[in-house]
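**Student:** Sharing coords.cif, mmCIF, N, CA, C and O atoms:
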```cif
data_upload
#
loop_
_atom_site.label_atom_id
_atom_site.label_comp_id
_atom_site.auth_asym_id
_atom_site.auth_seq_id
_atom_site.Cartn_x
_atom_site.Cartn_y
_atom_site.Cartn_z
N MET Q 1 -141.59 -73.49 -189.57
CA MET Q 1 -140.65 -72.49 -190.07
C MET Q 1 -139.76 -72.04 -188.91
O MET Q 1 -140.23 -71.76 -187.83
N ILE Q 2 -138.48 -71.96 -189.16
CA ILE Q 2 -137.51 -71.47 -188.19
C ILE Q 2 -137.15 -70.04 -188.57
O ILE Q 2 -136.91 -69.73 -189.72
N VAL Q 3 -137.10 -69.16 -187.57
CA VAL Q 3 -136.79 -67.75 -187.79
C VAL Q 3 -135.49 -67.42 -187.08
O VAL Q 3 -135.33 -67.75 -185.91
N GLY Q 4 -134.56 -66.78 -187.79
CA GLY Q 4 -133.32 -66.31 -187.17
C GLY Q 4 -133.51 -64.86 -186.75
O GLY Q 4 -133.97 -64.04 -187.52
N HIS Q 5 -133.16 -64.55 -185.51
CA HIS Q 5 -133.32 -63.20 -184.98
C HIS Q 5 -131.97 -62.73 -184.46
O HIS Q 5 -131.33 -63.42 -183.68
N GLY Q 6 -131.55 -61.55 -184.90
CA GLY Q 6 -130.27 -61.02 -184.43
C GLY Q 6 -130.41 -59.60 -183.93
O GLY Q 6 -131.04 -58.77 -184.58
N LEU Q 7 -129.86 -59.33 -182.78
CA LEU Q 7 -129.78 -57.97 -182.23
C LEU Q 7 -128.37 -57.50 -182.54
O LEU Q 7 -127.40 -58.04 -182.01
N SER Q 8 -128.23 -56.50 -183.41
CA SER Q 8 -126.95 -56.15 -183.99
C SER Q 8 -126.50 -54.75 -183.61
O SER Q 8 -127.07 -53.76 -184.08
N PRO Q 9 -125.45 -54.62 -182.80
CA PRO Q 9 -124.89 -53.31 -182.48
C PRO Q 9 -123.99 -52.84 -183.62
O PRO Q 9 -122.89 -53.35 -183.80
N VAL Q 10 -124.46 -51.89 -184.42
CA VAL Q 10 -123.70 -51.38 -185.56
C VAL Q 10 -122.63 -50.42 -185.06
O VAL Q 10 -122.88 -49.63 -184.14
N ARG Q 11 -121.46 -50.45 -185.67
CA ARG Q 11 -120.37 -49.55 -185.27
C ARG Q 11 -120.84 -48.10 -185.39
O ARG Q 11 -121.50 -47.75 -186.37
N PRO Q 12 -120.49 -47.26 -184.42
CA PRO Q 12 -120.90 -45.86 -184.46
C PRO Q 12 -120.49 -45.18 -185.77
O PRO Q 12 -119.43 -45.46 -186.32
N ARG Q 13 -121.34 -44.33 -186.26
CA ARG Q 13 -121.15 -43.55 -187.48
C ARG Q 13 -121.17 -44.38 -188.75
O ARG Q 13 -120.81 -43.90 -189.81
N GLN Q 14 -121.61 -45.64 -188.67
CA GLN Q 14 -121.72 -46.46 -189.88
C GLN Q 14 -123.17 -46.87 -190.14
O GLN Q 14 -123.44 -47.72 -190.98
N GLU Q 15 -124.10 -46.25 -189.43
CA GLU Q 15 -125.51 -46.64 -189.55
C GLU Q 15 -126.05 -46.45 -190.97
O GLU Q 15 -126.74 -47.33 -191.50
N ALA Q 16 -125.74 -45.33 -191.60
CA ALA Q 16 -126.26 -45.06 -192.95
C ALA Q 16 -125.69 -46.06 -193.96
O ALA Q 16 -126.43 -46.60 -194.80
N GLU Q 17 -124.38 -46.32 -193.89
CA GLU Q 17 -123.76 -47.29 -194.80
C GLU Q 17 -124.33 -48.68 -194.55
O GLU Q 17 -124.56 -49.45 -195.49
N PHE Q 18 -124.55 -49.02 -193.28
CA PHE Q 18 -125.14 -50.31 -192.94
C PHE Q 18 -126.47 -50.51 -193.65
O PHE Q 18 -126.74 -51.55 -194.22
N LYS Q 19 -127.33 -49.48 -193.62
CA LYS Q 19 -128.63 -49.60 -194.26
C LYS Q 19 -128.50 -49.83 -195.77
O LYS Q 19 -129.24 -50.61 -196.35
N LEU Q 20 -127.53 -49.18 -196.40
CA LEU Q 20 -127.31 -49.38 -197.84
C LEU Q 20 -126.85 -50.79 -198.14
O LEU Q 20 -127.34 -51.44 -199.08
N VAL Q 21 -125.89 -51.29 -197.36
CA VAL Q 21 -125.38 -52.65 -197.59
C VAL Q 21 -126.45 -53.68 -197.25
O VAL Q 21 -126.56 -54.72 -197.91
N PHE Q 22 -127.27 -53.39 -196.25
CA PHE Q 22 -128.36 -54.31 -195.89
C PHE Q 22 -129.31 -54.49 -197.07
O PHE Q 22 -129.81 -55.59 -197.31
N ALA Q 23 -129.53 -53.42 -197.83
CA ALA Q 23 -130.40 -53.51 -199.01
C ALA Q 23 -129.82 -54.50 -200.03
O ALA Q 23 -130.56 -55.27 -200.66
N THR Q 24 -128.49 -54.52 -200.18
CA THR Q 24 -127.84 -55.48 -201.07
C THR Q 24 -127.96 -56.89 -200.49
O THR Q 24 -128.28 -57.85 -201.20
N ALA Q 25 -127.72 -57.02 -199.19
CA ALA Q 25 -127.81 -58.32 -198.53
C ALA Q 25 -129.23 -58.88 -198.62
O ALA Q 25 -129.42 -60.09 -198.74
N ARG Q 26 -130.22 -58.00 -198.60
CA ARG Q 26 -131.62 -58.43 -198.68
C ARG Q 26 -131.87 -59.27 -199.93
O ARG Q 26 -132.54 -60.29 -199.88
N ALA Q 27 -131.30 -58.86 -201.06
CA ALA Q 27 -131.49 -59.61 -202.30
C ALA Q 27 -130.86 -61.01 -202.20
O ALA Q 27 -131.43 -61.98 -202.70
N ILE Q 28 -129.71 -61.11 -201.55
CA ILE Q 28 -129.05 -62.40 -201.37
C ILE Q 28 -129.87 -63.30 -200.45
O ILE Q 28 -130.09 -64.47 -200.73
N ILE Q 29 -130.34 -62.72 -199.36
CA ILE Q 29 -131.16 -63.49 -198.41
C ILE Q 29 -132.44 -63.97 -199.07
O ILE Q 29 -132.86 -65.11 -198.91
N ALA Q 30 -133.08 -63.09 -199.85
CA ALA Q 30 -134.34 -63.43 -200.50
C ALA Q 30 -134.18 -64.58 -201.50
O ALA Q 30 -135.14 -65.29 -201.79
N ALA Q 31 -132.98 -64.77 -202.02
CA ALA Q 31 -132.73 -65.85 -202.98
C ALA Q 31 -132.50 -67.20 -202.31
O ALA Q 31 -132.45 -68.22 -202.99
N MET Q 32 -132.37 -67.24 -200.99
CA MET Q 32 -132.10 -68.48 -200.28
C MET Q 32 -133.34 -69.37 -200.26
O MET Q 32 -134.46 -68.88 -200.12
N PRO Q 33 -133.14 -70.69 -200.38
CA PRO Q 33 -134.27 -71.61 -200.31
C PRO Q 33 -135.01 -71.45 -198.98
O PRO Q 33 -134.40 -71.30 -197.92
N GLY Q 34 -136.32 -71.44 -199.05
CA GLY Q 34 -137.14 -71.34 -197.86
C GLY Q 34 -137.39 -69.91 -197.38
O GLY Q 34 -138.09 -69.70 -196.40
N PHE Q 35 -136.83 -68.92 -198.08
CA PHE Q 35 -137.02 -67.52 -197.68
C PHE Q 35 -138.50 -67.16 -197.70
O PHE Q 35 -139.22 -67.50 -198.62
N GLU Q 36 -138.94 -66.49 -196.65
CA GLU Q 36 -140.31 -66.00 -196.59
C GLU Q 36 -140.37 -64.49 -196.43
O GLU Q 36 -141.13 -63.83 -197.10
N ARG Q 37 -139.60 -63.94 -195.50
CA ARG Q 37 -139.62 -62.50 -195.30
C ARG Q 37 -138.40 -62.06 -194.51
O ARG Q 37 -137.71 -62.86 -193.90
N LEU Q 38 -138.16 -60.76 -194.54
CA LEU Q 38 -137.03 -60.17 -193.84
C LEU Q 38 -137.45 -58.81 -193.35
O LEU Q 38 -138.17 -58.08 -194.04
N SER Q 39 -137.04 -58.45 -192.15
CA SER Q 39 -137.32 -57.11 -191.65
C SER Q 39 -136.09 -56.58 -190.92
O SER Q 39 -135.29 -57.34 -190.41
N LEU Q 40 -135.98 -55.25 -190.91
CA LEU Q 40 -134.89 -54.58 -190.21
C LEU Q 40 -135.52 -53.44 -189.42
O LEU Q 40 -136.29 -52.65 -189.96
N SER Q 41 -135.20 -53.36 -188.14
CA SER Q 41 -135.71 -52.30 -187.28
C SER Q 41 -134.55 -51.67 -186.53
O SER Q 41 -133.54 -52.32 -186.28
N ARG Q 42 -134.71 -50.40 -186.17
CA ARG Q 42 -133.68 -49.70 -185.41
C ARG Q 42 -134.21 -49.42 -184.01
O ARG Q 42 -135.36 -49.03 -183.83
N CYS Q 43 -133.37 -49.60 -183.01
CA CYS Q 43 -133.74 -49.38 -181.62
C CYS Q 43 -133.87 -47.88 -181.35
O CYS Q 43 -132.99 -47.10 -181.71
N ILE Q 44 -134.93 -47.47 -180.73
CA ILE Q 44 -135.15 -46.06 -180.41
C ILE Q 44 -134.21 -45.61 -179.30
O ILE Q 44 -133.60 -44.54 -179.39
N GLU Q 45 -134.06 -46.42 -178.27
CA GLU Q 45 -133.18 -46.06 -177.15
C GLU Q 45 -131.71 -46.11 -177.51
O GLU Q 45 -130.90 -45.38 -176.95
N ARG Q 46 -131.33 -47.01 -178.41
CA ARG Q 46 -129.94 -47.16 -178.84
C ARG Q 46 -129.91 -47.15 -180.37
O ARG Q 46 -129.91 -48.21 -181.00
N PRO Q 47 -129.89 -45.97 -181.01
CA PRO Q 47 -130.01 -45.88 -182.47
C PRO Q 47 -128.96 -46.65 -183.27
O PRO Q 47 -129.18 -46.95 -184.43
N SER Q 48 -127.84 -47.00 -182.67
CA SER Q 48 -126.83 -47.79 -183.39
C SER Q 48 -127.10 -49.28 -183.30
O SER Q 48 -126.32 -50.09 -183.80
N THR Q 49 -128.20 -49.67 -182.68
CA THR Q 49 -128.55 -51.08 -182.57
C THR Q 49 -129.73 -51.39 -183.48
O THR Q 49 -130.75 -50.71 -183.43
N CYS Q 50 -129.55 -52.40 -184.32
CA CYS Q 50 -130.61 -52.83 -185.22
C CYS Q 50 -131.05 -54.24 -184.87
O CYS Q 50 -130.29 -55.01 -184.29
N CYS Q 51 -132.25 -54.55 -185.24
CA CYS Q 51 -132.81 -55.87 -185.02
C CYS Q 51 -133.25 -56.38 -186.38
O CYS Q 51 -133.92 -55.69 -187.12
N TRP Q 52 -132.82 -57.58 -186.73
CA TRP Q 52 -133.22 -58.14 -188.02
C TRP Q 52 -133.68 -59.58 -187.85
O TRP Q 52 -133.32 -60.26 -186.90
N TRP Q 53 -134.50 -60.00 -188.77
CA TRP Q 53 -134.97 -61.38 -188.84
C TRP Q 53 -134.36 -62.00 -190.07
O TRP Q 53 -134.65 -61.57 -191.18
N SER Q 54 -133.49 -62.96 -189.93
CA SER Q 54 -132.74 -63.66 -190.95
C SER Q 54 -131.28 -63.26 -190.82
O SER Q 54 -130.88 -62.80 -189.76
N GLY Q 55 -130.44 -63.36 -191.86
CA GLY Q 55 -129.05 -62.99 -191.70
C GLY Q 55 -128.27 -63.00 -193.00
O GLY Q 55 -128.72 -63.53 -193.99
N ALA Q 56 -127.08 -62.38 -192.95
CA ALA Q 56 -126.22 -62.36 -194.13
C ALA Q 56 -124.79 -62.03 -193.74
O ALA Q 56 -124.56 -61.16 -192.91
N GLY Q 57 -123.82 -62.71 -194.34
CA GLY Q 57 -122.41 -62.48 -194.05
C GLY Q 57 -121.89 -61.14 -194.51
O GLY Q 57 -120.88 -60.67 -194.00
N LEU Q 58 -122.55 -60.50 -195.46
CA LEU Q 58 -122.09 -59.20 -195.96
C LEU Q 58 -122.08 -58.13 -194.87
O LEU Q 58 -121.44 -57.11 -195.01
N LEU Q 59 -122.80 -58.35 -193.81
CA LEU Q 59 -123.00 -57.31 -192.82
C LEU Q 59 -122.07 -57.41 -191.62
O LEU Q 59 -122.02 -56.50 -190.81
N HIS Q 60 -121.31 -58.48 -191.48
CA HIS Q 60 -120.55 -58.72 -190.25
C HIS Q 60 -119.54 -57.63 -189.91
O HIS Q 60 -119.30 -57.36 -188.75
N HIS Q 61 -118.95 -56.97 -190.90
CA HIS Q 61 -117.93 -55.96 -190.57
C HIS Q 61 -118.53 -54.69 -189.97
O HIS Q 61 -117.81 -53.84 -189.48
N PHE Q 62 -119.85 -54.55 -189.96
CA PHE Q 62 -120.50 -53.39 -189.36
C PHE Q 62 -120.71 -53.55 -187.85
O PHE Q 62 -120.95 -52.58 -187.15
N TYR Q 63 -120.67 -54.75 -187.36
CA TYR Q 63 -121.06 -55.03 -185.98
C TYR Q 63 -119.87 -54.99 -185.02
O TYR Q 63 -118.80 -55.46 -185.33
N GLU Q 64 -120.15 -54.45 -183.84
CA GLU Q 64 -119.15 -54.50 -182.77
C GLU Q 64 -119.88 -54.49 -181.44
O GLU Q 64 -120.45 -53.46 -181.07
N PRO Q 65 -119.94 -55.60 -180.75
CA PRO Q 65 -119.42 -56.92 -181.11
C PRO Q 65 -120.33 -57.62 -182.11
O PRO Q 65 -121.38 -57.08 -182.46
N LEU Q 66 -119.93 -58.82 -182.54
CA LEU Q 66 -120.79 -59.58 -183.45
C LEU Q 66 -122.12 -59.88 -182.77
O LEU Q 66 -122.17 -60.10 -181.55
N PRO Q 67 -123.21 -59.89 -183.53
CA PRO Q 67 -124.52 -60.12 -182.93
C PRO Q 67 -124.69 -61.54 -182.42
O PRO Q 67 -124.07 -62.48 -182.92
N THR Q 68 -125.52 -61.65 -181.42
CA THR Q 68 -125.96 -62.96 -180.97
C THR Q 68 -127.18 -63.31 -181.80
O THR Q 68 -128.13 -62.54 -181.85
N VAL Q 69 -127.12 -64.42 -182.48
CA VAL Q 69 -128.25 -64.85 -183.31
C VAL Q 69 -128.88 -66.05 -182.66
O VAL Q 69 -128.20 -67.02 -182.32
N GLU Q 70 -130.18 -65.99 -182.48
CA GLU Q 70 -130.93 -67.11 -181.94
C GLU Q 70 -132.00 -67.48 -182.95
O GLU Q 70 -132.44 -66.64 -183.73
N HIS Q 71 -132.40 -68.74 -182.93
CA HIS Q 71 -133.37 -69.23 -183.90
C HIS Q 71 -134.65 -69.64 -183.16
O HIS Q 71 -134.58 -70.29 -182.12
N PHE Q 72 -135.77 -69.27 -183.73
CA PHE Q 72 -137.06 -69.49 -183.09
C PHE Q 72 -137.99 -70.23 -184.03
O PHE Q 72 -137.93 -70.05 -185.24
N GLU Q 73 -138.87 -71.05 -183.45
CA GLU Q 73 -139.94 -71.65 -184.22
C GLU Q 73 -141.25 -71.25 -183.56
O GLU Q 73 -141.31 -71.10 -182.33
N PRO Q 74 -142.30 -71.03 -184.34
CA PRO Q 74 -143.55 -70.57 -183.77
C PRO Q 74 -144.16 -71.59 -182.81
O PRO Q 74 -144.09 -72.80 -183.05
N VAL Q 75 -144.71 -71.09 -181.75
CA VAL Q 75 -145.42 -71.93 -180.79
C VAL Q 75 -146.90 -71.59 -180.82
O VAL Q 75 -147.75 -72.46 -180.76
N LEU Q 76 -147.19 -70.30 -180.91
CA LEU Q 76 -148.58 -69.83 -180.94
C LEU Q 76 -148.69 -68.65 -181.86
O LEU Q 76 -147.89 -67.71 -181.79
N THR Q 77 -149.64 -68.69 -182.77
CA THR Q 77 -149.91 -67.57 -183.66
C THR Q 77 -151.39 -67.26 -183.56
O THR Q 77 -152.22 -68.14 -183.64
N VAL Q 78 -151.70 -65.98 -183.37
CA VAL Q 78 -153.09 -65.56 -183.23
C VAL Q 78 -153.50 -64.76 -184.44
O VAL Q 78 -152.77 -63.98 -184.95
#
```
What would you get if you wrote out this structure as C-alpha cells?
**Tutor:**
Amino acid sequence: MIVGHGLSPVRPRQEAEFKLVFATARAIIAAMPGFERLSLSRCIERPSTCCWWSGAGLLHHFYEPLPTVEHFEPVLTV
C-alpha cells in the first residue's frame, strides 16, 4: 500500500472553512479505488498547518504555498 502524506499550510483565517471543505473532499477520496483510510491533523505549534494522509483537488485554493506531497510505502509495522 502506498500512502500520500501532505503537510499543508492553510491560508490564515481560512482554517474553519478548510475543515468544512475537507469533510466534502473526504467523501470523494473515500470513493477512490484502493481507499483505506484518511486522517487530518492540525499542528499545535503552527495552527494554520494541517497534516493529511491522502489528497484531493478541492482543497488546493486553501494552501499557501501548495503542499509538498510525498508518497510512502510501509517498511516495518509493529
**Student:** Neighbours of region 39-41 of chain Q within 12 Å (only C-alpha atoms; same-chain residues fewer than 2 positions away dropped), as a ChimeraX atom specification?
**Tutor:** /Q:3-9,15,18-20,22-23,25-26,29-30,36-37,43-44,46-55
**Student:** Considering only alpha helix (DSSP H) as DSSP defines it on the backbone, what residues of region 8-76 of chain Q qualify? List them as a ChimeraX atom specification.
**Tutor:** /Q:15-30
**Student:** Give me every strand (DSSP E) residue in region 6-75 of chain Q, going by DSSP on the backbone, as an MDAnalysis selection string.
**Tutor:** chainID Q and resid 6:9 39:42 49:53 68:72
**Student:** Can you measure atom O of Arg42 (chain Q) to atom C of Gln14 (chain Q) for me? One decimal in Å is fine.
**Tutor:**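 Separating atom O of Arg42 (chain Q) from atom C of Gln14 (chain Q) is a distance of 13.9 Å.
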**Student:** Output as a JSON list (two decimals), in the coordinates of the input: region 59-70 of chain Q, completed with all heavy atoms.
**Tutor:**
```json
[["chain", "number", "residue", "atom", "x", "y", "z"],
["Q", 59, "LEU", "N", -122.80, -58.35, -193.81],
["Q", 59, "LEU", "CA", -123.00, -57.31, -192.82],
["Q", 59, "LEU", "C", -122.07, -57.41, -191.62],
["Q", 59, "LEU", "O", -122.02, -56.50, -190.81],
["Q", 59, "LEU", "CB", -124.46, -57.35, -192.34],
["Q", 59, "LEU", "CG", -125.49, -57.22, -193.45],
["Q", 59, "LEU", "CD1", -126.89, -57.49, -192.91],
["Q", 59, "LEU", "CD2", -125.43, -55.85, -194.10],
["Q", 60, "HIS", "N", -121.31, -58.48, -191.48],
["Q", 60, "HIS", "CA", -120.55, -58.72, -190.25],
["Q", 60, "HIS", "C", -119.54, -57.63, -189.91],
["Q", 60, "HIS", "O", -119.30, -57.36, -188.75],
["Q", 60, "HIS", "CB", -119.85, -60.08, -190.32],
["Q", 60, "HIS", "CG", -120.80, -61.21, -190.16],
["Q", 60, "HIS", "ND1", -120.40, -62.51, -190.16],
["Q", 60, "HIS", "CD2", -122.14, -61.24, -190.00],
["Q", 60, "HIS", "CE1", -121.46, -63.30, -190.01],
["Q", 60, "HIS", "NE2", -122.51, -62.54, -189.93],
["Q", 61, "HIS", "N", -118.95, -56.97, -190.90],
["Q", 61, "HIS", "CA", -117.93, -55.96, -190.57],
["Q", 61, "HIS", "C", -118.53, -54.69, -189.97],
["Q", 61, "HIS", "O", -117.81, -53.84, -189.48],
["Q", 61, "HIS", "CB", -117.08, -55.64, -191.80],
["Q", 61, "HIS", "CG", -117.78, -54.87, -192.87],
["Q", 61, "HIS", "ND1", -118.62, -55.45, -193.78],
["Q", 61, "HIS", "CD2", -117.77, -53.54, -193.13],
["Q", 61, "HIS", "CE1", -119.09, -54.51, -194.58],
["Q", 61, "HIS", "NE2", -118.61, -53.35, -194.22],
["Q", 62, "PHE", "N", -119.85, -54.55, -189.96],
["Q", 62, "PHE", "CA", -120.50, -53.39, -189.36],
["Q", 62, "PHE", "C", -120.71, -53.55, -187.85],
["Q", 62, "PHE", "O", -120.95, -52.58, -187.15],
["Q", 62, "PHE", "CB", -121.87, -53.12, -190.00],
["Q", 62, "PHE", "CG", -121.78, -52.55, -191.37],
["Q", 62, "PHE", "CD1", -121.98, -53.35, -192.48],
["Q", 62, "PHE", "CD2", -121.47, -51.21, -191.56],
["Q", 62, "PHE", "CE1", -121.92, -52.83, -193.75],
["Q", 62, "PHE", "CE2", -121.38, -50.68, -192.84],
["Q", 62, "PHE", "CZ", -121.61, -51.49, -193.94],
["Q", 63, "TYR", "N", -120.67, -54.75, -187.36],
["Q", 63, "TYR", "CA", -121.06, -55.03, -185.98],
["Q", 63, "TYR", "C", -119.87, -54.99, -185.02],
["Q", 63, "TYR", "O", -118.80, -55.46, -185.33],
["Q", 63, "TYR", "CB", -121.71, -56.40, -185.85],
["Q", 63, "TYR", "CG", -122.87, -56.62, -186.78],
["Q", 63, "TYR", "CD1", -123.00, -57.81, -187.47],
["Q", 63, "TYR", "CD2", -123.82, -55.64, -186.97],
["Q", 63, "TYR", "CE1", -124.07, -58.03, -188.32],
["Q", 63, "TYR", "CE2", -124.89, -55.85, -187.83],
["Q", 63, "TYR", "CZ", -125.00, -57.05, -188.49],
["Q", 63, "TYR", "OH", -126.05, -57.26, -189.33],
["Q", 64, "GLU", "N", -120.15, -54.45, -183.84],
["Q", 64, "GLU", "CA", -119.15, -54.50, -182.77],
["Q", 64, "GLU", "C", -119.88, -54.49, -181.44],
["Q", 64, "GLU", "O", -120.45, -53.46, -181.07],
["Q", 64, "GLU", "CB", -118.21, -53.30, -182.87],
["Q", 64, "GLU", "CG", -117.01, -53.46, -181.95],
["Q", 64, "GLU", "CD", -115.98, -52.38, -182.20],
["Q", 64, "GLU", "OE1", -115.37, -52.37, -183.27],
["Q", 64, "GLU", "OE2", -115.84, -51.55, -181.30],
["Q", 65, "PRO", "N", -119.94, -55.60, -180.75],
["Q", 65, "PRO", "CA", -119.42, -56.92, -181.11],
["Q", 65, "PRO", "C", -120.33, -57.62, -182.11],
["Q", 65, "PRO", "O", -121.38, -57.08, -182.46],
["Q", 65, "PRO", "CB", -119.43, -57.65, -179.76],
["Q", 65, "PRO", "CG", -120.58, -57.04, -179.03],
["Q", 65, "PRO", "CD", -120.60, -55.59, -179.46],
["Q", 66, "LEU", "N", -119.93, -58.82, -182.54],
["Q", 66, "LEU", "CA", -120.79, -59.58, -183.45],
["Q", 66, "LEU", "C", -122.12, -59.88, -182.77],
["Q", 66, "LEU", "O", -122.17, -60.10, -181.55],
["Q", 66, "LEU", "CB", -120.11, -60.89, -183.86],
["Q", 66, "LEU", "CG", -119.00, -60.76, -184.87],
["Q", 66, "LEU", "CD1", -118.31, -62.11, -185.09],
["Q", 66, "LEU", "CD2", -119.52, -60.24, -186.19],
["Q", 67, "PRO", "N", -123.21, -59.89, -183.53],
["Q", 67, "PRO", "CA", -124.52, -60.12, -182.93],
["Q", 67, "PRO", "C", -124.69, -61.54, -182.42],
["Q", 67, "PRO", "O", -124.07, -62.48, -182.92],
["Q", 67, "PRO", "CB", -125.50, -59.85, -184.07],
["Q", 67, "PRO", "CG", -124.71, -60.09, -185.31],
["Q", 67, "PRO", "CD", -123.29, -59.71, -184.97],
["Q", 68, "THR", "N", -125.52, -61.65, -181.42],
["Q", 68, "THR", "CA", -125.96, -62.96, -180.97],
["Q", 68, "THR", "C", -127.18, -63.31, -181.80],
["Q", 68, "THR", "O", -128.13, -62.54, -181.85],
["Q", 68, "THR", "CB", -126.35, -62.93, -179.48],
["Q", 68, "THR", "OG1", -125.19, -62.58, -178.73],
["Q", 68, "THR", "CG2", -126.89, -64.26, -179.02],
["Q", 69, "VAL", "N", -127.12, -64.42, -182.48],
["Q", 69, "VAL", "CA", -128.25, -64.85, -183.31],
["Q", 69, "VAL", "C", -128.88, -66.05, -182.66],
["Q", 69, "VAL", "O", -128.20, -67.02, -182.32],
["Q", 69, "VAL", "CB", -127.80, -65.18, -184.75],
["Q", 69, "VAL", "CG1", -128.97, -65.67, -185.57],
["Q", 69, "VAL", "CG2", -127.14, -63.97, -185.39],
["Q", 70, "GLU", "N", -130.18, -65.99, -182.48],
["Q", 70, "GLU", "CA", -130.93, -67.11, -181.94],
["Q", 70, "GLU", "C", -132.00, -67.48, -182.95],
["Q", 70, "GLU", "O", -132.44, -66.64, -183.73],
["Q", 70, "GLU", "CB", -131.56, -66.72, -180.60],
["Q", 70, "GLU", "CG", -130.51, -66.39, -179.55],
["Q", 70, "GLU", "CD", -131.10, -65.93, -178.24],
["Q", 70, "GLU", "OE1", -132.20, -65.33, -178.25],
["Q", 70, "GLU", "OE2", -130.46, -66.16, -177.21]]
```
